[in-house]
Structures are given as structure tokens and as C-alpha cells.
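Note: the block below is data-v1.txt and it holds compact mmCIF, C-alpha atoms.
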```txt
# COMPACT_ATOMS: atom_id res chain seq x y z
CA MET N 1 264.49 127.74 256.83
CA HIS N 2 260.96 126.95 255.64
CA LEU N 3 260.71 129.50 252.85
CA SER N 4 261.00 126.69 250.31
CA THR N 5 257.91 125.07 251.86
CA TYR N 6 255.87 128.23 251.36
CA LEU N 7 257.26 128.73 247.88
CA GLY N 8 255.96 125.25 247.09
CA LEU N 9 252.59 126.11 248.60
CA LEU N 10 252.48 129.37 246.65
CA HIS N 11 253.44 127.72 243.37
CA THR N 12 250.76 125.06 243.85
CA SER N 13 248.11 127.62 244.75
CA LEU N 14 248.98 129.70 241.67
CA THR N 15 248.71 126.79 239.26
CA THR N 16 245.50 125.63 240.93
CA LEU N 17 244.00 129.12 240.73
CA ALA N 18 244.95 129.58 237.06
CA ASP N 19 243.41 126.23 236.17
CA ALA N 20 240.26 127.07 238.17
CA PHE N 21 239.87 130.43 236.40
CA ARG N 22 240.11 128.64 233.06
CA GLU N 23 237.57 126.00 234.10
CA VAL N 24 235.04 128.55 235.34
CA GLY N 25 235.54 130.65 232.21
CA ARG N 26 234.92 127.65 229.96
CA GLY N 27 232.04 126.34 232.04
CA HIS N 28 230.16 129.63 232.16
CA GLY N 29 230.57 130.66 228.52
CA GLU N 30 226.97 131.92 228.47
CA GLU N 31 228.21 134.75 230.71
CA PRO N 32 230.56 136.64 228.33
CA ASP N 33 232.11 138.77 231.07
CA VAL N 34 232.87 135.69 233.18
CA HIS N 35 234.27 133.77 230.24
CA LEU N 36 236.58 136.54 229.03
CA THR N 37 237.63 137.88 232.43
CA CYS N 38 238.44 134.43 233.78
CA GLN N 39 240.67 133.74 230.77
CA VAL N 40 242.49 137.06 231.29
CA LEU N 41 242.90 136.43 235.02
CA ALA N 42 244.21 132.90 234.38
CA GLY N 43 246.90 134.42 232.17
CA ARG N 44 247.82 136.91 234.88
CA VAL N 45 248.14 134.13 237.44
CA ASP N 46 250.35 132.21 234.99
CA ARG N 47 252.60 135.27 234.79
CA GLN N 48 252.77 135.38 238.59
CA ALA N 49 254.01 131.78 238.59
CA GLU N 50 256.57 132.67 235.91
CA ALA N 51 257.76 135.64 237.98
CA LEU N 52 258.20 133.35 240.96
CA ALA N 53 260.35 130.84 239.02
CA PRO N 54 263.77 132.51 239.62
CA VAL N 55 263.06 132.71 243.34
CA VAL N 56 262.04 129.04 243.42
CA GLU N 57 265.26 128.23 241.60
CA ARG N 58 267.27 130.16 244.21
CA TYR N 59 265.55 128.95 247.40
CA GLY N 60 264.05 125.68 246.22
CA GLU N 61 260.54 124.36 246.43
CA HIS N 62 259.83 121.89 249.19
CA ARG N 63 256.59 120.29 250.21
CA GLU N 64 255.93 119.01 253.72
CA ASP N 65 252.78 117.28 254.91
CA GLU N 66 251.63 120.03 257.27
CA PRO N 67 251.35 122.95 254.80
CA GLU N 68 249.72 120.65 252.24
CA ARG N 69 246.67 120.60 254.49
CA LEU N 70 246.29 124.25 253.56
CA HIS N 71 246.14 123.45 249.86
CA ALA N 72 242.74 124.01 248.29
CA THR N 73 241.75 121.61 245.58
CA GLY N 74 240.92 123.00 242.19
CA LEU N 75 237.66 122.82 240.34
CA GLU N 76 237.17 119.57 238.50
CA SER N 77 233.94 120.80 236.93
CA VAL N 78 231.64 123.77 237.14
CA ARG N 79 228.07 123.92 238.35
CA SER N 80 225.20 125.00 236.14
CA GLY N 81 222.71 127.81 236.47
CA ALA N 82 222.75 131.03 238.43
CA VAL N 83 223.43 129.39 241.80
CA GLY N 84 226.15 127.30 240.20
CA LEU N 85 227.85 130.41 238.89
CA LEU N 86 227.65 132.02 242.31
CA ARG N 87 229.17 128.98 244.00
CA ASP N 88 231.92 128.69 241.37
CA LEU N 89 232.81 132.36 241.87
CA GLN N 90 232.97 131.76 245.62
CA ASP N 91 235.32 128.82 245.03
CA LEU N 92 237.55 131.08 242.94
CA TYR N 93 237.45 133.69 245.71
CA THR N 94 238.57 131.06 248.24
CA LEU N 95 241.46 129.96 246.03
CA ALA N 96 242.49 133.56 245.35
CA SER N 97 242.36 134.31 249.09
CA LEU N 98 244.71 131.41 249.80
CA THR N 99 247.09 132.76 247.17
CA ASP N 100 246.80 136.27 248.59
CA ILE N 101 247.68 135.32 252.16
CA THR N 102 250.51 133.08 250.95
CA TRP N 103 251.99 136.05 249.05
CA THR N 104 251.78 137.95 252.35
CA VAL N 105 253.67 135.23 254.23
CA VAL N 106 256.34 134.99 251.54
CA GLY N 107 256.59 138.79 251.54
CA GLN N 108 257.34 138.78 255.25
CA ALA N 109 260.13 136.28 254.64
CA ALA N 110 261.48 138.51 251.84
CA ARG N 111 261.57 141.43 254.28
CA GLY N 112 263.38 139.32 256.85
CA LEU N 113 265.91 138.17 254.28
CA ARG N 114 266.18 141.64 252.75
CA ASP N 115 265.66 140.00 249.37
CA ARG N 116 264.77 142.95 247.18
CA GLU N 117 264.04 140.85 244.09
CA LEU N 118 261.58 138.65 245.95
CA LEU N 119 259.99 141.65 247.64
CA ASP N 120 259.46 143.36 244.26
CA ILE N 121 257.80 140.20 242.92
CA VAL N 122 255.60 139.91 246.00
CA ASN N 123 254.53 143.55 245.83
CA ALA N 124 253.54 143.33 242.17
CA CYS N 125 251.76 140.01 242.57
CA GLU N 126 249.91 141.06 245.72
CA GLN N 127 248.49 144.03 243.81
CA ASP N 128 247.44 141.78 240.96
CA THR N 129 245.83 139.29 243.35
CA ALA N 130 243.99 142.16 245.08
CA ARG N 131 242.52 143.13 241.69
CA GLN N 132 241.42 139.54 241.11
CA LEU N 133 239.74 139.45 244.50
CA GLY N 134 238.09 142.81 243.78
CA TRP N 135 236.63 141.58 240.49
CA LEU N 136 235.43 138.36 242.11
CA ARG N 137 233.81 140.25 245.00
CA THR N 138 232.04 142.60 242.59
CA ARG N 139 230.89 139.76 240.32
CA ILE N 140 229.64 137.76 243.34
CA LYS N 141 227.64 140.78 244.47
CA GLN N 142 226.19 141.08 240.99
CA ALA N 143 225.30 137.37 240.75
CA ALA N 144 223.89 136.92 244.25
CA PRO N 145 220.49 138.63 243.89
CA GLN N 146 219.71 136.81 240.64
CA ALA N 147 220.86 133.47 242.03
CA LEU N 148 219.26 133.72 245.45
CA ILE N 149 216.03 135.55 244.73
CA ALA N 150 215.05 135.34 241.06
CA ALA N 151 216.51 132.06 239.80
CA GLU N 152 214.34 128.98 239.57
```
Please rewrite the model in this file as C-alpha cells.
Amino acid sequence: MHLSTYLGLLHTSLTTLADAFREVGRGHGEEPDVHLTCQVLAGRVDRQAEALAPVVERYGEHREDEPERLHATGLESVRSGAVGLLRDLQDLYTLASLTDITWTVVGQAARGLRDRELLDIVNACEQDTARQLGWLRTRIKQAAPQALIAAE
């Protein structure tokens, strides 16, 4: 059974995403909505990881070489200016998308196992991740014209 491999991938993607939200929030403090929303979203991702903990304890968390290729690296620093903000938001979107599809995969395993607890966690976290992706998509749409047309 490889569920433990995907639980490891999910846990890693959650911690990476939370850290990346914090970094973008700190790095783009001149954008109050980005700063505050990223801090809130980082906290939500932390809570997803906490919700996953009992499942990881039950099934384990295993890392194999192959799924690690799917792991997206976090943001070590943020870029400056309007284009930098746009690119950082896109990086967050990519990380959140990896988390989203990994929740989907783990959810399919929960259905196969008929693990109601895991399925409840997946359902709640998928909804939360969908909201994160929605905010990121909206904020990217808002930032794109300024960054691509008007910025110096």
C-alpha cells in the first residue's frame, strides 16, 4: 500500500505551501491585502497539516524517490515590483495546485479504504484549498494588468 507515500508527499506540500504563503506575505508587505491574506492562508494550511496528523500516525508517512520528483520547492525569497508580485503569486498557485491534486489522490484512497475519518479531513481540506486557489486566481488577475502593461 502506497498511501503512506502520498501522505508524506501531502505533508511536505502543506508545510512548503504554508512557508511560501508566509514568505510572500512578508516580502510584499507594501500590498496590505497580500500581506494579511497570505498570513491567514498560511495559518489555514498549518491547520490542514494538523488535521492530517492522526491519519499520518495511523498509516505512516513514507517517502520514496519517485514521488519526491513531484515535490515543488518552496520560495527562498520573493521578487520585487509588480512583475515580482505576479510571479510570486503564480508560484503560490503552483504549490497550492500540487496540494489540491494530492488531496484528491488521498481522497480516492480514503474512498477505497472506506476510511470515513480520512474522507472527512480530505473533504474539508479540499474546500479550503479551493478557496486558496480562488483567492490566488483573483489576485493574479488583479495584478496582471498592472504588472504587464503599466509597470516600469
Practice task
Would you mind listing what lies within 10 Å of Val40 (chain N) as a list in words, with all atoms listed in the file counted and same-chain residues fewer than 6 positions away left out?
Solution key: Ala18, Phe21, Arg22, Gly25, Val34 and Asp46 of chain N
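Distances from N:Ala130, N:Ala20, N:Leu86, N:Met1 to Gly43 (chain N) were compared using only C-alpha atoms, and the smallest one belongs to N:Ala20.
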Please tabulate, as a tab-separated table, the residues of region 82-111 of chain N that come within 7 Å of region 131-151 of chain N, each with its closest pair of atoms and the distance in Å to one decimal, counting all atoms listed in the file and ordering rows by chain, then residue number upward.
```
residue	atom	partner	partner_atom	distance
N:Ala82	CA	N:Ala147	CA	4.7
N:Val83	CA	N:Ala147	CA	4.8
N:Leu86	CA	N:Ala143	CA	6.0
N:Leu89	CA	N:Ile140	CA	6.4
N:Tyr93	CA	N:Leu136	CA	6.2
N:Ala96	CA	N:Leu133	CA	6.6
```
List as a PDB file with C-alpha atoms, in the coordinates of the input the protein and nucleic acid residues near Leu7 (chain N), meaning an atom at most 9 Å away when only C-alpha atoms are counted, but skip any in the same chain fewer than 2 places from it.
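Saved to result.pdb:
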```pdb
ATOM      1  CA  HIS N   2     260.960 126.950 255.640  1.00  0.00           C
ATOM      2  CA  LEU N   3     260.710 129.500 252.850  1.00  0.00           C
ATOM      3  CA  SER N   4     261.000 126.690 250.310  1.00  0.00           C
ATOM      4  CA  THR N   5     257.910 125.070 251.860  1.00  0.00           C
ATOM      5  CA  LEU N   9     252.590 126.110 248.600  1.00  0.00           C
ATOM      6  CA  LEU N  10     252.480 129.370 246.650  1.00  0.00           C
ATOM      7  CA  HIS N  11     253.440 127.720 243.370  1.00  0.00           C
ATOM      8  CA  THR N  12     250.760 125.060 243.850  1.00  0.00           C
ATOM      9  CA  LEU N  52     258.200 133.350 240.960  1.00  0.00           C
ATOM     10  CA  VAL N  55     263.060 132.710 243.340  1.00  0.00           C
ATOM     11  CA  VAL N  56     262.040 129.040 243.420  1.00  0.00           C
ATOM     12  CA  TYR N  59     265.550 128.950 247.400  1.00  0.00           C
ATOM     13  CA  GLY N  60     264.050 125.680 246.220  1.00  0.00           C
ATOM     14  CA  GLU N  61     260.540 124.360 246.430  1.00  0.00           C
ATOM     15  CA  HIS N  62     259.830 121.890 249.190  1.00  0.00           C
ATOM     16  CA  ARG N  63     256.590 120.290 250.210  1.00  0.00           C
ATOM     17  CA  THR N 102     250.510 133.080 250.950  1.00  0.00           C
ATOM     18  CA  VAL N 106     256.340 134.990 251.540  1.00  0.00           C
TER      19      VAL N 106
END
```
Practice task
Within 7 Å of His35 (chain N), counting all atoms listed in the file, which residues show up once you throw out same-chain ones fewer than 6 positions away? Write them as a PyMOL selection string, please.
Solution key: chain N and resi 25-26+28-29
Write the selection just made, keeping C-alpha atoms, as a PDB file, in the coordinates of the input?
```pdb
ATOM      1  CA  GLY N  25     235.540 130.650 232.210  1.00  0.00           C
ATOM      2  CA  ARG N  26     234.920 127.650 229.960  1.00  0.00           C
ATOM      3  CA  HIS N  28     230.160 129.630 232.160  1.00  0.00           C
ATOM      4  CA  GLY N  29     230.570 130.660 228.520  1.00  0.00           C
TER       5      GLY N  29
END
```
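Proximity to Val122 (chain N) was assessed for N:Leu98, N:Leu92, N:Ala51, N:Leu17 counting all atoms listed in the file; the smallest distance is recorded for N:Ala51.
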